[in-house]
Amino acid sequence: MPPAYAGGIFSCGLPRAPARPDNPPMAHPSGGRRRSRRATEPCPPRSSGAGGAPPQRPHDIRRREPAAPGAPAAAHSRSVEVDPLVRTAELTVVATVSPPGLRIEGVVDADSHRHLREALQSVASVRGDLRLEMSRVEFLDLAGLRLLMTFARARAARHCTVELAGVPPHLLQVITLIGWDATPGLRLGAAHGC
């Protein structure tokens, strides 16, 4: 049975109590008479038939389906993305927050060096270590690798490191053959298997 209205003026489903002489209507502060707190008419019956469930109105919260236990997590299973710092036909660079750094996707060649340089400059003032996620890099030329090494050296001067994470094996092999794996401020994370 639903609780009575907070003001006490509804008694849905309850029989009306007879008026008693010791419970007269309350006087209104303005001098007029105020209605009794008891309802003057009974509410409609609550059952839809013999022992059936009460009728449900469109706004009734009981009509809603209970949510599955993992529904909120499933609705937000993907992380929130910010607008890319760079979005061209061949290159996309997105700033990441946790861990701080960049996610580089696509092709880095002569046409996109300027974009990569600007993206690196946008995170140059971040304190602490940075991570460059490279698992979606399809091609990175030597000039692009040189940009990354120069960036790592600049971070080393500030006692910070740059981690290259998810480097494709062929790029990892080039970095190791040239000897850039010993670059100050550079840390190579786990390689991304193709």
# chains A, B, ... in the order shown; residues from 1 in each chain; ligands from 1

call {"tool": "residues_around", "arguments": {"residues": "segment 126-140 of chain A", "least_positions_apart": "6", "cutoff": "6 Å", "atoms": "only C-alpha atoms", "output": "list of chain:residue names"}}
result
A:Pro100, A:Gly101, A:Leu102, A:Arg103, A:Ile104, A:Glu105, A:Gly106, A:Val107, A:Val108, A:Cys160, A:Thr161, A:Val162, A:Glu163, A:Leu164, A:Ala165, A:Gly166, A:Val167, A:His192

call {"tool": "write_last_selection", "arguments": {"atoms": "C-alpha atoms", "output": "PDB file, in the first residue's frame"}}
result
ATOM      1  CA  PRO A 100      50.141  11.660 -20.591  1.00  0.00           C
ATOM      2  CA  GLY A 101      51.458  11.791 -24.122  1.00  0.00           C
ATOM      3  CA  LEU A 102      50.336  11.197 -27.693  1.00  0.00           C
ATOM      4  CA  ARG A 103      48.818   8.420 -29.762  1.00  0.00           C
ATOM      5  CA  ILE A 104      50.203   8.449 -33.299  1.00  0.00           C
ATOM      6  CA  GLU A 105      48.327   6.666 -36.083  1.00  0.00           C
ATOM      7  CA  GLY A 106      48.972   6.312 -39.791  1.00  0.00           C
ATOM      8  CA  VAL A 107      51.864   7.447 -41.971  1.00  0.00           C
ATOM      9  CA  VAL A 108      54.671   9.840 -40.998  1.00  0.00           C
ATOM     10  CA  CYS A 160      62.091  13.230 -18.020  1.00  0.00           C
ATOM     11  CA  THR A 161      61.725  10.287 -20.346  1.00  0.00           C
ATOM     12  CA  VAL A 162      59.749   9.547 -23.474  1.00  0.00           C
ATOM     13  CA  GLU A 163      58.456   6.016 -23.823  1.00  0.00           C
ATOM     14  CA  LEU A 164      57.770   4.695 -27.309  1.00  0.00           C
ATOM     15  CA  ALA A 165      55.048   2.103 -26.684  1.00  0.00           C
ATOM     16  CA  GLY A 166      53.714  -0.424 -29.154  1.00  0.00           C
ATOM     17  CA  VAL A 167      56.442   0.205 -31.716  1.00  0.00           C
ATOM     18  CA  HIS A 192      53.479  -4.348 -31.128  1.00  0.00           C
TER      19      HIS A 192
END

call {"tool": "residues_around", "arguments": {"residues": "Arg114 of chain A", "least_positions_apart": "4", "cutoff": "12 Å", "atoms": "only C-alpha atoms", "output": "PDB file with N, CA, C and O atoms, in the first residue's frame"}}
result
ATOM      1  N   VAL A  86      46.119  16.463 -34.633  1.00  0.00           N
ATOM      2  CA  VAL A  86      46.393  16.398 -36.070  1.00  0.00           C
ATOM      3  C   VAL A  86      45.432  15.391 -36.682  1.00  0.00           C
ATOM      4  O   VAL A  86      45.266  14.285 -36.169  1.00  0.00           O
ATOM      5  N   THR A  88      44.902  14.408 -40.687  1.00  0.00           N
ATOM      6  CA  THR A  88      45.059  14.562 -42.128  1.00  0.00           C
ATOM      7  C   THR A  88      44.598  13.259 -42.777  1.00  0.00           C
ATOM      8  O   THR A  88      44.167  12.329 -42.089  1.00  0.00           O
ATOM      9  N   LEU A  91      47.574  10.907 -41.434  1.00  0.00           N
ATOM     10  CA  LEU A  91      48.112  10.945 -40.080  1.00  0.00           C
ATOM     11  C   LEU A  91      47.079  11.491 -39.101  1.00  0.00           C
ATOM     12  O   LEU A  91      46.400  12.480 -39.389  1.00  0.00           O
ATOM     13  N   VAL A 108      53.837   8.649 -41.234  1.00  0.00           N
ATOM     14  CA  VAL A 108      54.671   9.840 -40.998  1.00  0.00           C
ATOM     15  C   VAL A 108      55.718   9.860 -42.098  1.00  0.00           C
ATOM     16  O   VAL A 108      56.627   9.037 -42.126  1.00  0.00           O
ATOM     17  N   ASP A 109      55.563  10.818 -43.023  1.00  0.00           N
ATOM     18  CA  ASP A 109      56.519  10.979 -44.112  1.00  0.00           C
ATOM     19  C   ASP A 109      56.806  12.465 -44.293  1.00  0.00           C
ATOM     20  O   ASP A 109      56.451  13.281 -43.439  1.00  0.00           O
ATOM     21  N   ALA A 110      57.447  12.837 -45.399  1.00  0.00           N
ATOM     22  CA  ALA A 110      57.835  14.229 -45.630  1.00  0.00           C
ATOM     23  C   ALA A 110      56.647  15.182 -45.566  1.00  0.00           C
ATOM     24  O   ALA A 110      56.778  16.327 -45.138  1.00  0.00           O
ATOM     25  N   GLU A 118      54.591  19.779 -34.570  1.00  0.00           N
ATOM     26  CA  GLU A 118      53.658  20.623 -33.821  1.00  0.00           C
ATOM     27  C   GLU A 118      52.967  19.844 -32.707  1.00  0.00           C
ATOM     28  O   GLU A 118      52.746  20.370 -31.608  1.00  0.00           O
ATOM     29  N   ALA A 119      52.632  18.591 -32.970  1.00  0.00           N
ATOM     30  CA  ALA A 119      51.999  17.767 -31.942  1.00  0.00           C
ATOM     31  C   ALA A 119      52.961  17.511 -30.782  1.00  0.00           C
ATOM     32  O   ALA A 119      52.567  17.568 -29.609  1.00  0.00           O
ATOM     33  N   LEU A 120      54.232  17.262 -31.099  1.00  0.00           N
ATOM     34  CA  LEU A 120      55.232  17.063 -30.040  1.00  0.00           C
ATOM     35  C   LEU A 120      55.426  18.347 -29.228  1.00  0.00           C
ATOM     36  O   LEU A 120      55.559  18.303 -28.005  1.00  0.00           O
ATOM     37  N   GLN A 121      55.426  19.485 -29.895  1.00  0.00           N
ATOM     38  CA  GLN A 121      55.567  20.763 -29.185  1.00  0.00           C
ATOM     39  C   GLN A 121      54.379  21.022 -28.258  1.00  0.00           C
ATOM     40  O   GLN A 121      54.529  21.655 -27.220  1.00  0.00           O
ATOM     41  N   ALA A 143      63.445  10.657 -41.054  1.00  0.00           N
ATOM     42  CA  ALA A 143      63.314  12.031 -40.561  1.00  0.00           C
ATOM     43  C   ALA A 143      62.272  12.097 -39.436  1.00  0.00           C
ATOM     44  O   ALA A 143      62.443  12.844 -38.461  1.00  0.00           O
ATOM     45  N   GLY A 144      61.214  11.301 -39.536  1.00  0.00           N
ATOM     46  CA  GLY A 144      60.226  11.237 -38.460  1.00  0.00           C
ATOM     47  C   GLY A 144      60.811  10.627 -37.199  1.00  0.00           C
ATOM     48  O   GLY A 144      60.560  11.100 -36.083  1.00  0.00           O
ATOM     49  N   LEU A 147      62.925  13.167 -35.489  1.00  0.00           N
ATOM     50  CA  LEU A 147      62.109  14.084 -34.690  1.00  0.00           C
ATOM     51  C   LEU A 147      61.841  13.501 -33.301  1.00  0.00           C
ATOM     52  O   LEU A 147      61.922  14.206 -32.293  1.00  0.00           O
TER      53      LEU A 147
END

call {"tool": "closest_residue", "arguments": {"among": "A:Ala89, A:Ala124, A:Leu177, A:Leu171", "to": "Thr150 of chain A", "atoms": "only C-alpha atoms"}}
result
A:Ala124

call {"tool": "residues_around", "arguments": {"residues": "Ala182 of chain A", "least_positions_apart": "6", "cutoff": "12 Å", "atoms": "only C-alpha atoms", "output": "compact mmCIF listing (two decimals) with C-alpha atoms, in the first residue's frame"}}
result
# COMPACT_ATOMS: atom_id res chain seq x y z
CA MET A 149 64.88 11.17 -30.90
CA ALA A 152 63.50 12.52 -26.26
CA ARG A 153 66.87 14.29 -25.85
CA ILE A 175 65.89 2.07 -34.11
CA THR A 176 68.14 -0.66 -32.70
CA LEU A 188 61.31 1.55 -25.59

call {"tool": "atom_distance", "arguments": {"atom1": "atom CA of Gly185 of chain A", "atom2": "atom CA of Val82 of chain A"}}
result
26.9 Å

call {"tool": "atom_distance", "arguments": {"atom1": "atom CA of Ala154 of chain A", "atom2": "atom CA of Pro184 of chain A"}}
result
8.9 Å

call {"tool": "residues_around", "arguments": {"residues": "Gly179 of chain A", "least_positions_apart": "5", "cutoff": "12 Å", "atoms": "only C-alpha atoms", "output": "number ranges by chain"}}
result
A: 145-146, 149, 172-174, 184, 186

call {"tool": "closest_residue", "arguments": {"among": "A:Arg155, A:Gly189, A:Val123, A:Pro99", "to": "Pro168 of chain A", "atoms": "only C-alpha atoms"}}
result
A:Gly189

call {"tool": "closest_residue", "arguments": {"among": "A:Ala157, A:Ser125, A:Val97, A:Glu90", "to": "Ser112 of chain A", "atoms": "only C-alpha atoms"}}
result
A:Glu90
